[in-house]
$ cat upload-v8.cif   # mmCIF, C-alpha atoms
data_input
loop_
_atom_site.group_PDB
_atom_site.id
_atom_site.type_symbol
_atom_site.label_atom_id
_atom_site.label_comp_id
_atom_site.auth_asym_id
_atom_site.auth_seq_id
_atom_site.Cartn_x
_atom_site.Cartn_y
_atom_site.Cartn_z
ATOM 1 C CA MET A 235 -18.698 1.317 8.076
ATOM 2 C CA SER A 236 -16.236 3.854 9.418
ATOM 3 C CA PRO A 237 -14.549 3.077 12.743
ATOM 4 C CA THR A 238 -14.267 6.791 13.433
ATOM 5 C CA PRO A 239 -16.677 8.192 15.980
ATOM 6 C CA ALA A 240 -19.260 10.135 14.007
ATOM 7 C CA GLY A 241 -19.631 13.089 16.339
ATOM 8 C CA PRO A 242 -18.070 16.457 15.570
ATOM 9 C CA ASP A 243 -15.967 16.155 18.733
ATOM 10 C CA ALA A 244 -13.885 13.309 17.388
ATOM 11 C CA ALA A 245 -11.578 15.105 14.974
ATOM 12 C CA PRO A 246 -10.246 17.906 17.183
ATOM 13 C CA ALA A 247 -9.295 15.415 19.901
ATOM 14 C CA ALA A 248 -7.045 13.491 17.539
ATOM 15 C CA ALA A 249 -5.989 16.257 15.193
ATOM 16 C CA PRO A 250 -5.736 19.464 17.190
ATOM 17 C CA GLY A 251 -6.697 22.543 15.253
ATOM 18 C CA ALA A 252 -8.175 20.611 12.363
ATOM 19 C CA PRO A 253 -11.842 21.264 11.745
ATOM 20 C CA PRO A 254 -14.227 18.336 11.404
ATOM 21 C CA ALA A 255 -14.254 17.437 7.741
ATOM 22 C CA ARG A 256 -16.813 15.685 5.617
ATOM 23 C CA LEU A 257 -15.665 13.752 2.607
ATOM 24 C CA ASP A 258 -17.036 14.840 -0.784
ATOM 25 C CA PRO A 259 -19.874 12.367 -1.439
ATOM 26 C CA ALA A 260 -18.587 11.849 -5.002
ATOM 27 C CA VAL A 261 -15.251 10.675 -3.585
ATOM 28 C CA ALA A 262 -16.892 8.646 -0.829
ATOM 29 C CA ALA A 263 -18.943 6.811 -3.462
ATOM 30 C CA ARG A 264 -15.740 5.699 -5.205
ATOM 31 C CA LEU A 265 -14.114 4.269 -2.056
ATOM 32 C CA LYS A 266 -14.106 0.517 -1.556
ATOM 33 C CA GLN A 267 -13.369 0.170 2.128
ATOM 34 C CA ASP A 268 -12.333 -3.015 3.894
ATOM 35 C CA PRO A 269 -14.569 -4.519 6.608
ATOM 36 C CA SER A 270 -13.012 -2.059 9.090
ATOM 37 C CA GLY A 271 -13.950 0.929 6.915
ATOM 38 C CA LEU A 272 -10.380 1.564 5.793
ATOM 39 C CA VAL A 273 -8.451 1.988 2.553
ATOM 40 C CA ALA A 274 -4.679 1.574 2.215
ATOM 41 C CA ALA A 275 -2.624 4.742 1.703
ATOM 42 C CA VAL A 276 0.753 4.474 -0.022
ATOM 43 C CA VAL A 277 2.845 7.468 1.004
ATOM 44 C CA GLN A 278 5.474 8.695 -1.422
ATOM 45 C CA GLN A 279 8.046 11.477 -1.188
ATOM 46 C CA HIS A 280 7.478 14.259 -3.718
ATOM 47 C CA GLY A 281 10.354 14.619 -6.146
ATOM 48 C CA THR A 282 12.411 11.561 -5.250
ATOM 49 C CA GLY A 283 9.598 9.016 -5.588
ATOM 50 C CA GLU A 284 10.726 7.148 -2.469
ATOM 51 C CA VAL A 285 7.958 5.055 -0.921
ATOM 52 C CA LEU A 286 7.977 6.206 2.690
ATOM 53 C CA MET A 287 5.345 4.059 4.390
ATOM 54 C CA LEU A 288 1.973 2.401 4.125
ATOM 55 C CA ALA A 289 -0.825 3.670 6.331
ATOM 56 C CA TRP A 290 -4.620 3.467 6.515
ATOM 57 C CA MET A 291 -7.387 6.003 6.117
ATOM 58 C CA ASP A 292 -11.049 6.090 6.996
ATOM 59 C CA GLU A 293 -13.322 8.701 5.426
ATOM 60 C CA GLN A 294 -12.534 11.290 8.069
ATOM 61 C CA ALA A 295 -8.766 10.853 7.666
ATOM 62 C CA LEU A 296 -9.098 11.188 3.895
ATOM 63 C CA ALA A 297 -11.303 14.266 4.205
ATOM 64 C CA LEU A 298 -8.764 15.919 6.514
ATOM 65 C CA THR A 299 -5.861 14.948 4.260
ATOM 66 C CA LEU A 300 -7.626 16.424 1.217
ATOM 67 C CA THR A 301 -8.584 19.698 2.863
ATOM 68 C CA THR A 302 -5.930 20.619 5.443
ATOM 69 C CA GLY A 303 -2.605 20.078 3.664
ATOM 70 C CA ARG A 304 -1.509 17.662 6.414
ATOM 71 C CA ALA A 305 -1.486 13.891 5.949
ATOM 72 C CA THR A 306 -3.814 12.285 8.466
ATOM 73 C CA TYR A 307 -4.372 8.558 8.955
ATOM 74 C CA TRP A 308 -6.346 6.075 11.006
ATOM 75 C CA SER A 309 -4.105 4.252 13.461
ATOM 76 C CA ARG A 310 -5.214 0.629 13.553
ATOM 77 C CA SER A 311 -3.078 -0.083 16.622
ATOM 78 C CA ARG A 312 -4.325 2.877 18.637
ATOM 79 C CA GLY A 313 -7.817 2.998 17.141
ATOM 80 C CA GLU A 314 -7.778 6.738 16.558
ATOM 81 C CA LEU A 315 -7.125 9.449 13.995
ATOM 82 C CA TRP A 316 -3.429 10.226 13.697
ATOM 83 C CA ARG A 317 -2.150 13.416 12.112
ATOM 84 C CA LYS A 318 1.381 12.505 11.139
ATOM 85 C CA GLY A 319 3.975 14.567 12.977
ATOM 86 C CA ASP A 320 1.813 15.868 15.829
ATOM 87 C CA THR A 321 3.894 13.883 18.323
ATOM 88 C CA SER A 322 7.171 13.321 16.461
ATOM 89 C CA GLY A 323 7.379 16.593 14.540
ATOM 90 C CA HIS A 324 7.808 14.482 11.418
ATOM 91 C CA VAL A 325 5.024 16.215 9.540
ATOM 92 C CA GLN A 326 3.889 15.278 6.037
ATOM 93 C CA HIS A 327 2.828 18.217 3.852
ATOM 94 C CA VAL A 328 0.424 16.981 1.185
ATOM 95 C CA ARG A 329 1.257 17.538 -2.485
ATOM 96 C CA SER A 330 -1.357 15.316 -4.135
ATOM 97 C CA VAL A 331 -3.717 12.430 -3.451
ATOM 98 C CA ALA A 332 -5.012 9.947 -6.042
ATOM 99 C CA LEU A 333 -7.407 7.026 -5.720
ATOM 100 C CA ASP A 334 -6.680 3.831 -7.632
ATOM 101 C CA CYS A 335 -8.829 2.088 -10.243
ATOM 102 C CA ASP A 336 -10.422 -0.222 -7.659
ATOM 103 C CA GLY A 337 -11.116 2.460 -5.051
ATOM 104 C CA ASP A 338 -9.272 0.568 -2.313
ATOM 105 C CA ALA A 339 -5.880 2.296 -2.361
ATOM 106 C CA LEU A 340 -4.669 5.892 -2.204
ATOM 107 C CA LEU A 341 -1.387 7.374 -3.361
ATOM 108 C CA VAL A 342 -0.466 10.257 -1.083
ATOM 109 C CA VAL A 343 2.473 12.324 -2.323
ATOM 110 C CA VAL A 344 4.032 14.416 0.429
ATOM 111 C CA ASP A 345 6.934 16.543 1.513
ATOM 112 C CA GLN A 346 8.212 14.614 4.534
ATOM 113 C CA VAL A 347 9.830 16.463 7.422
ATOM 114 C CA GLY A 348 12.445 14.270 9.124
ATOM 115 C CA ALA A 349 12.213 10.483 9.166
ATOM 116 C CA ALA A 350 8.979 8.888 7.973
ATOM 117 C CA CYS A 351 9.416 5.777 10.123
ATOM 118 C CA HIS A 352 8.839 5.719 13.867
ATOM 119 C CA THR A 353 12.006 3.597 14.154
ATOM 120 C CA GLY A 354 14.056 6.547 12.869
ATOM 121 C CA THR A 355 14.804 5.266 9.367
ATOM 122 C CA ALA A 356 13.980 7.540 6.436
ATOM 123 C CA THR A 357 11.365 5.092 5.161
ATOM 124 C CA CYS A 358 9.639 2.137 6.803
ATOM 125 C CA PHE A 359 11.295 -0.210 4.287
ATOM 126 C CA ASP A 360 14.944 0.887 4.682
ATOM 127 C CA GLY A 361 17.295 -1.911 5.706
ATOM 128 C CA ARG A 362 14.498 -4.499 5.576
ATOM 129 C CA ASP A 363 15.253 -6.199 2.249
ATOM 130 C CA LEU A 364 14.126 -9.822 1.986
ATOM 131 C CA GLY A 365 16.759 -10.960 -0.533
ATOM 132 C CA ALA A 366 14.482 -11.761 -3.448
ATOM 133 C CA VAL A 367 15.792 -13.640 -6.479
ATOM 134 C CA VAL A 368 16.044 -11.020 -9.232
ATOM 135 C CA GLY A 369 13.928 -11.736 -12.314
ATOM 136 C CA GLY A 370 14.848 -11.336 -15.962
ATOM 137 C CA THR A 371 14.839 -7.888 -17.504
ATOM 138 C CA PRO A 372 12.027 -7.150 -19.974
ATOM 139 C CA MET B 559 -4.453 -17.860 8.577
ATOM 140 C CA SER B 560 -3.676 -18.102 4.873
ATOM 141 C CA PRO B 561 -6.619 -18.197 2.475
ATOM 142 C CA THR B 562 -4.512 -20.239 0.065
ATOM 143 C CA PRO B 563 -5.235 -23.955 -0.081
ATOM 144 C CA ALA B 564 -2.400 -25.598 1.801
ATOM 145 C CA GLY B 565 -1.848 -28.537 -0.530
ATOM 146 C CA PRO B 566 1.090 -28.661 -2.915
ATOM 147 C CA ASP B 567 -1.358 -28.750 -5.834
ATOM 148 C CA ALA B 568 -2.540 -25.194 -5.252
ATOM 149 C CA ALA B 569 0.301 -23.170 -6.720
ATOM 150 C CA PRO B 570 0.705 -24.830 -10.117
ATOM 151 C CA ALA B 571 -2.998 -24.407 -10.815
ATOM 152 C CA ALA B 572 -2.832 -20.657 -10.316
ATOM 153 C CA ALA B 573 0.733 -19.995 -11.405
ATOM 154 C CA PRO B 574 1.560 -22.434 -14.193
ATOM 155 C CA GLY B 575 5.148 -23.539 -14.220
ATOM 156 C CA ALA B 576 5.904 -22.160 -10.784
ATOM 157 C CA PRO B 577 6.932 -24.759 -8.242
ATOM 158 C CA PRO B 578 5.187 -24.903 -4.890
ATOM 159 C CA ALA B 579 7.108 -22.605 -2.604
ATOM 160 C CA ARG B 580 7.425 -22.458 1.141
ATOM 161 C CA LEU B 581 8.132 -19.163 2.806
ATOM 162 C CA ASP B 582 11.328 -18.952 4.876
ATOM 163 C CA PRO B 583 10.084 -19.401 8.480
ATOM 164 C CA ALA B 584 12.211 -16.443 9.579
ATOM 165 C CA VAL B 585 10.335 -14.217 7.112
ATOM 166 C CA ALA B 586 6.978 -15.785 7.946
ATOM 167 C CA ALA B 587 7.563 -14.987 11.621
ATOM 168 C CA ARG B 588 7.968 -11.281 10.774
ATOM 169 C CA LEU B 589 4.709 -11.039 8.811
ATOM 170 C CA LYS B 590 1.707 -9.432 10.449
ATOM 171 C CA GLN B 591 -1.162 -10.622 8.297
ATOM 172 C CA ASP B 592 -4.671 -9.222 8.326
ATOM 173 C CA PRO B 593 -7.607 -11.449 9.345
ATOM 174 C CA SER B 594 -7.666 -12.832 5.768
ATOM 175 C CA GLY B 595 -4.001 -13.847 5.979
ATOM 176 C CA LEU B 596 -2.824 -11.055 3.683
ATOM 177 C CA VAL B 597 -0.278 -8.248 3.697
ATOM 178 C CA ALA B 598 -0.384 -5.217 1.400
ATOM 179 C CA ALA B 599 2.174 -5.053 -1.416
ATOM 180 C CA VAL B 600 3.149 -1.669 -2.804
ATOM 181 C CA VAL B 601 4.499 -2.187 -6.314
ATOM 182 C CA GLN B 602 7.041 0.318 -7.606
ATOM 183 C CA GLN B 603 8.806 0.641 -10.960
ATOM 184 C CA HIS B 604 12.570 0.173 -10.733
ATOM 185 C CA GLY B 605 14.499 3.245 -11.778
ATOM 186 C CA THR B 606 11.662 5.742 -12.114
ATOM 187 C CA GLY B 607 10.156 5.171 -8.650
ATOM 188 C CA GLU B 608 6.606 5.320 -10.030
ATOM 189 C CA VAL B 609 4.082 3.604 -7.769
ATOM 190 C CA LEU B 610 2.331 1.210 -10.142
ATOM 191 C CA MET B 611 -0.338 -0.450 -8.025
ATOM 192 C CA LEU B 612 -1.275 -1.892 -4.661
ATOM 193 C CA ALA B 613 -1.879 -5.613 -4.410
ATOM 194 C CA TRP B 614 -2.086 -8.282 -1.706
ATOM 195 C CA MET B 615 0.040 -11.293 -0.836
ATOM 196 C CA ASP B 616 -0.461 -14.371 1.259
ATOM 197 C CA GLU B 617 2.534 -16.464 2.331
ATOM 198 C CA GLN B 618 2.495 -18.525 -0.843
ATOM 199 C CA ALA B 619 2.402 -15.457 -3.103
ATOM 200 C CA LEU B 620 5.304 -13.925 -1.185
ATOM 201 C CA ALA B 621 7.299 -17.160 -1.338
ATOM 202 C CA LEU B 622 6.786 -17.342 -5.116
ATOM 203 C CA THR B 623 7.654 -13.660 -5.568
ATOM 204 C CA LEU B 624 10.867 -14.086 -3.564
ATOM 205 C CA THR B 625 12.044 -17.214 -5.376
ATOM 206 C CA THR B 626 10.818 -17.106 -8.988
ATOM 207 C CA GLY B 627 11.640 -13.576 -10.187
ATOM 208 C CA ARG B 628 7.970 -13.028 -11.089
ATOM 209 C CA ALA B 629 5.628 -10.903 -8.963
ATOM 210 C CA THR B 630 2.746 -13.043 -7.727
ATOM 211 C CA TYR B 631 -0.226 -11.855 -5.674
ATOM 212 C CA TRP B 632 -3.381 -13.079 -4.015
ATOM 213 C CA SER B 633 -6.442 -11.860 -5.899
ATOM 214 C CA ARG B 634 -9.052 -10.904 -3.316
ATOM 215 C CA SER B 635 -11.758 -10.613 -5.978
ATOM 216 C CA ARG B 636 -11.068 -13.980 -7.573
ATOM 217 C CA GLY B 637 -9.876 -15.754 -4.422
ATOM 218 C CA GLU B 638 -6.800 -17.260 -6.068
ATOM 219 C CA LEU B 639 -3.098 -16.821 -6.649
ATOM 220 C CA TRP B 640 -2.408 -14.439 -9.500
ATOM 221 C CA ARG B 641 0.944 -14.295 -11.266
ATOM 222 C CA LYS B 642 0.937 -10.848 -12.813
ATOM 223 C CA GLY B 643 1.048 -10.967 -16.600
ATOM 224 C CA ASP B 644 -0.003 -14.583 -17.135
ATOM 225 C CA THR B 645 -3.204 -13.404 -18.822
ATOM 226 C CA SER B 646 -2.342 -9.869 -19.943
ATOM 227 C CA GLY B 647 1.309 -10.347 -20.822
ATOM 228 C CA HIS B 648 2.023 -7.412 -18.513
ATOM 229 C CA VAL B 649 4.625 -9.285 -16.504
ATOM 230 C CA GLN B 650 6.456 -7.846 -13.505
ATOM 231 C CA HIS B 651 10.097 -8.916 -13.174
ATOM 232 C CA VAL B 652 11.147 -8.645 -9.540
ATOM 233 C CA ARG B 653 14.112 -6.467 -8.606
ATOM 234 C CA SER B 654 13.746 -6.392 -4.830
ATOM 235 C CA VAL B 655 11.282 -6.977 -2.013
ATOM 236 C CA ALA B 656 11.370 -5.372 1.430
ATOM 237 C CA LEU B 657 9.115 -5.788 4.458
ATOM 238 C CA ASP B 658 8.199 -2.736 6.517
ATOM 239 C CA CYS B 659 8.854 -2.062 10.195
ATOM 240 C CA ASP B 660 5.432 -3.381 11.227
ATOM 241 C CA GLY B 661 5.495 -6.513 9.068
ATOM 242 C CA ASP B 662 2.193 -5.676 7.396
ATOM 243 C CA ALA B 663 3.377 -4.092 4.136
ATOM 244 C CA LEU B 664 5.784 -5.086 1.382
ATOM 245 C CA LEU B 665 7.600 -2.897 -1.136
ATOM 246 C CA VAL B 666 8.018 -4.830 -4.375
ATOM 247 C CA VAL B 667 10.303 -3.135 -6.901
ATOM 248 C CA VAL B 668 9.808 -4.469 -10.417
ATOM 249 C CA ASP B 669 10.493 -3.999 -14.081
ATOM 250 C CA GLN B 670 6.980 -3.684 -15.480
ATOM 251 C CA VAL B 671 6.213 -4.921 -18.985
ATOM 252 C CA GLY B 672 3.415 -2.875 -20.573
ATOM 253 C CA ALA B 673 0.723 -1.195 -18.500
ATOM 254 C CA ALA B 674 0.498 -2.076 -14.817
ATOM 255 C CA CYS B 675 -3.235 -1.324 -14.586
ATOM 256 C CA HIS B 676 -5.905 -3.618 -15.986
ATOM 257 C CA THR B 677 -7.668 -0.481 -17.293
ATOM 258 C CA GLY B 678 -4.715 0.183 -19.605
ATOM 259 C CA THR B 679 -3.161 3.115 -17.772
ATOM 260 C CA ALA B 680 0.535 2.918 -16.899
ATOM 261 C CA THR B 681 -0.258 2.906 -13.187
ATOM 262 C CA CYS B 682 -3.469 2.292 -11.259
ATOM 263 C CA PHE B 683 -3.390 5.900 -9.997
ATOM 264 C CA ASP B 684 -2.954 7.740 -13.321
ATOM 265 C CA GLY B 685 -5.701 10.239 -14.079
ATOM 266 C CA ARG B 686 -7.374 9.628 -10.725
ATOM 267 C CA ASP B 687 -6.249 12.679 -8.763
ATOM 268 C CA LEU B 688 -8.591 13.805 -5.986
ATOM 269 C CA GLY B 689 -7.678 17.495 -6.037
ATOM 270 C CA ALA B 690 -6.125 17.777 -2.579
ATOM 271 C CA VAL B 691 -5.346 21.147 -1.064
ATOM 272 C CA VAL B 692 -1.558 21.463 -1.214
ATOM 273 C CA GLY B 693 0.176 21.862 2.151
ATOM 274 C CA GLY B 694 3.013 24.186 3.115
ATOM 275 C CA THR B 695 6.533 23.283 2.148
ATOM 276 C CA PRO B 696 8.844 22.173 4.942
#

$ encode --input "upload-v8.cif" --output "structure tokens"
Amino acid sequence: MSPTPAGPDAAPAAAPGAPPARLDPAVAARLKQDPSGLVAAVVQQHGTGEVLMLAWMDEQALALTLTTGRATYWSRSRGELWRKGDTSGHVQHVRSVALDCDGDALLVVVDQVGAACHTGTATCFDGRDLGAVVGGTP
Amino acid sequence: MSPTPAGPDAAPAAAPGAPPARLDPAVAARLKQDPSGLVAAVVQQHGTGEVLMLAWMDEQALALTLTTGRATYWSRSRGELWRKGDTSGHVQHVRSVALDCDGDALLVVVDQVGAACHTGTATCFDGRDLGAVVGGTP
């Protein structure tokens, strides 16, 4: 189901220096991937709780994220593994990763270096409010 | 592209009391939906910053969330609109909604009543840590 090439050559090309990684079968069994083999990854800043971005992971990206200390995703637009910060310098150091109750979403808590968003804003949601009507308080 | 029935009868059936809603065309034009007509919605607790859950919205769910003060999603498992809390009582009162830089993810900030997760945990990620190796600090 994974869109990642299965060969051991795939990971180093996209994530220089990172060894090929195999996901713990016990974790893999809990994943509920979409038809493209991906799960959503919510990325949150450690300490402040800011939601920085939403990205996507296949099994290889999750295995690398769990074992290397560097957040690694699957780029749907480029169709390749993407270790955050390799191009921009805006690295994400992993603090924790949790899988949700349904197995289709990850919460990746990181220490973000620089701006999380490729547009230069601190998060991908900054300045993009949709003006929702505010509901009643509980 | 939306999986929601287009007729005006659809919303009241799934979200009792909520009027049919049409999404602002300017917002609709910014959405980048997946092949099922959905965008991911990261749901965060107002004030604490806790990430509560990840859900999905079609245009109708987003329109209702933006205009009614109540967080409303598209249930992929049930194939219907789902106004959070109608069955469980665990309502989400909307505080703000933002769309990300790519148009394929929403950040919905809410005041959560009761547990966010259908399993009874406060968030869908609680107690589900995957034991990641911690990266270096910046």

$ resolve_selection --input "upload-v8.cif" --expression "the PyMOL selection byres ((chain A) within 8 of (chain B))" --output "compact mmCIF listing (two decimals) with C-alpha atoms, keeping the file's coordinate frame"
# COMPACT_ATOMS: atom_id res chain seq x y z
CA VAL A 261 -15.25 10.68 -3.58
CA VAL A 276 0.75 4.47 -0.02
CA THR A 282 12.41 11.56 -5.25
CA GLY A 283 9.60 9.02 -5.59
CA GLU A 284 10.73 7.15 -2.47
CA VAL A 285 7.96 5.06 -0.92
CA MET A 287 5.34 4.06 4.39
CA LEU A 288 1.97 2.40 4.12
CA THR A 299 -5.86 14.95 4.26
CA LEU A 300 -7.63 16.42 1.22
CA THR A 301 -8.58 19.70 2.86
CA THR A 302 -5.93 20.62 5.44
CA GLY A 303 -2.60 20.08 3.66
CA ARG A 304 -1.51 17.66 6.41
CA HIS A 327 2.83 18.22 3.85
CA VAL A 328 0.42 16.98 1.18
CA ARG A 329 1.26 17.54 -2.48
CA SER A 330 -1.36 15.32 -4.14
CA VAL A 331 -3.72 12.43 -3.45
CA ALA A 332 -5.01 9.95 -6.04
CA LEU A 333 -7.41 7.03 -5.72
CA ASP A 334 -6.68 3.83 -7.63
CA CYS A 335 -8.83 2.09 -10.24
CA ALA A 339 -5.88 2.30 -2.36
CA LEU A 340 -4.67 5.89 -2.20
CA LEU A 341 -1.39 7.37 -3.36
CA ASP A 345 6.93 16.54 1.51
CA GLN A 346 8.21 14.61 4.53
CA VAL A 347 9.83 16.46 7.42
CA CYS A 351 9.42 5.78 10.12
CA THR A 353 12.01 3.60 14.15
CA CYS A 358 9.64 2.14 6.80
CA PHE A 359 11.30 -0.21 4.29
CA ASP A 360 14.94 0.89 4.68
CA ARG A 362 14.50 -4.50 5.58
CA ASP A 363 15.25 -6.20 2.25
CA LEU A 364 14.13 -9.82 1.99
CA GLY A 365 16.76 -10.96 -0.53
CA ALA A 366 14.48 -11.76 -3.45
CA VAL A 367 15.79 -13.64 -6.48
CA VAL A 368 16.04 -11.02 -9.23
CA GLY A 369 13.93 -11.74 -12.31
CA GLY A 370 14.85 -11.34 -15.96
CA THR A 371 14.84 -7.89 -17.50
CA PRO A 372 12.03 -7.15 -19.97

$ atom_distance --input "upload-v8.cif" --atom1 "CA of Ser322 (chain A)" --atom2 "CA of His280 (chain A)"
20.2 Å

$ axis_aligned_box --input "upload-v8.cif" --around "region 647-658 of chain B" --padding-each-side "4 Å" --output "JSON"
{"center_x": 7.7, "center_y": -6.5, "center_z": -7.2, "size_x": 20.8, "size_y": 15.6, "size_z": 35.3}

$ closest_residue --input "upload-v8.cif" --among "B:Leu596, B:Ala674, B:Ala680, B:Ala586" --to "Leu639 (chain B)" --atoms "all atoms listed in the file"
B:Leu596

$ atom_distance --input "upload-v8.cif" --atom1 "CA of Trp308 (chain A)" --atom2 "CA of Trp290 (chain A)"
5.5 Å

$ resolve_selection --input "upload-v8.cif" --expression "the PyMOL selection byres ((chain A and resi 292) around 10)" --output "PyMOL selection string"
chain A and resi 235-238+257+265+267-268+270-274+290-291+293-297+306-309+315

$ write_last_selection --input "upload-v8.cif" --atoms "C-alpha atoms" --output "PDB file, in the coordinates of the input"
ATOM      1  CA  MET A 235     -18.698   1.317   8.076  1.00  0.00           C
ATOM      2  CA  SER A 236     -16.236   3.854   9.418  1.00  0.00           C
ATOM      3  CA  PRO A 237     -14.549   3.077  12.743  1.00  0.00           C
ATOM      4  CA  THR A 238     -14.267   6.791  13.433  1.00  0.00           C
ATOM      5  CA  LEU A 257     -15.665  13.752   2.607  1.00  0.00           C
ATOM      6  CA  LEU A 265     -14.114   4.269  -2.056  1.00  0.00           C
ATOM      7  CA  GLN A 267     -13.369   0.170   2.128  1.00  0.00           C
ATOM      8  CA  ASP A 268     -12.333  -3.015   3.894  1.00  0.00           C
ATOM      9  CA  SER A 270     -13.012  -2.059   9.090  1.00  0.00           C
ATOM     10  CA  GLY A 271     -13.950   0.929   6.915  1.00  0.00           C
ATOM     11  CA  LEU A 272     -10.380   1.564   5.793  1.00  0.00           C
ATOM     12  CA  VAL A 273      -8.451   1.988   2.553  1.00  0.00           C
ATOM     13  CA  ALA A 274      -4.679   1.574   2.215  1.00  0.00           C
ATOM     14  CA  TRP A 290      -4.620   3.467   6.515  1.00  0.00           C
ATOM     15  CA  MET A 291      -7.387   6.003   6.117  1.00  0.00           C
ATOM     16  CA  GLU A 293     -13.322   8.701   5.426  1.00  0.00           C
ATOM     17  CA  GLN A 294     -12.534  11.290   8.069  1.00  0.00           C
ATOM     18  CA  ALA A 295      -8.766  10.853   7.666  1.00  0.00           C
ATOM     19  CA  LEU A 296      -9.098  11.188   3.895  1.00  0.00           C
ATOM     20  CA  ALA A 297     -11.303  14.266   4.205  1.00  0.00           C
ATOM     21  CA  THR A 306      -3.814  12.285   8.466  1.00  0.00           C
ATOM     22  CA  TYR A 307      -4.372   8.558   8.955  1.00  0.00           C
ATOM     23  CA  TRP A 308      -6.346   6.075  11.006  1.00  0.00           C
ATOM     24  CA  SER A 309      -4.105   4.252  13.461  1.00  0.00           C
ATOM     25  CA  LEU A 315      -7.125   9.449  13.995  1.00  0.00           C
TER      26      LEU A 315
END

$ atom_distance --input "upload-v8.cif" --atom1 "CA of Ala349 (chain A)" --atom2 "CA of Lys318 (chain A)"
11.2 Å
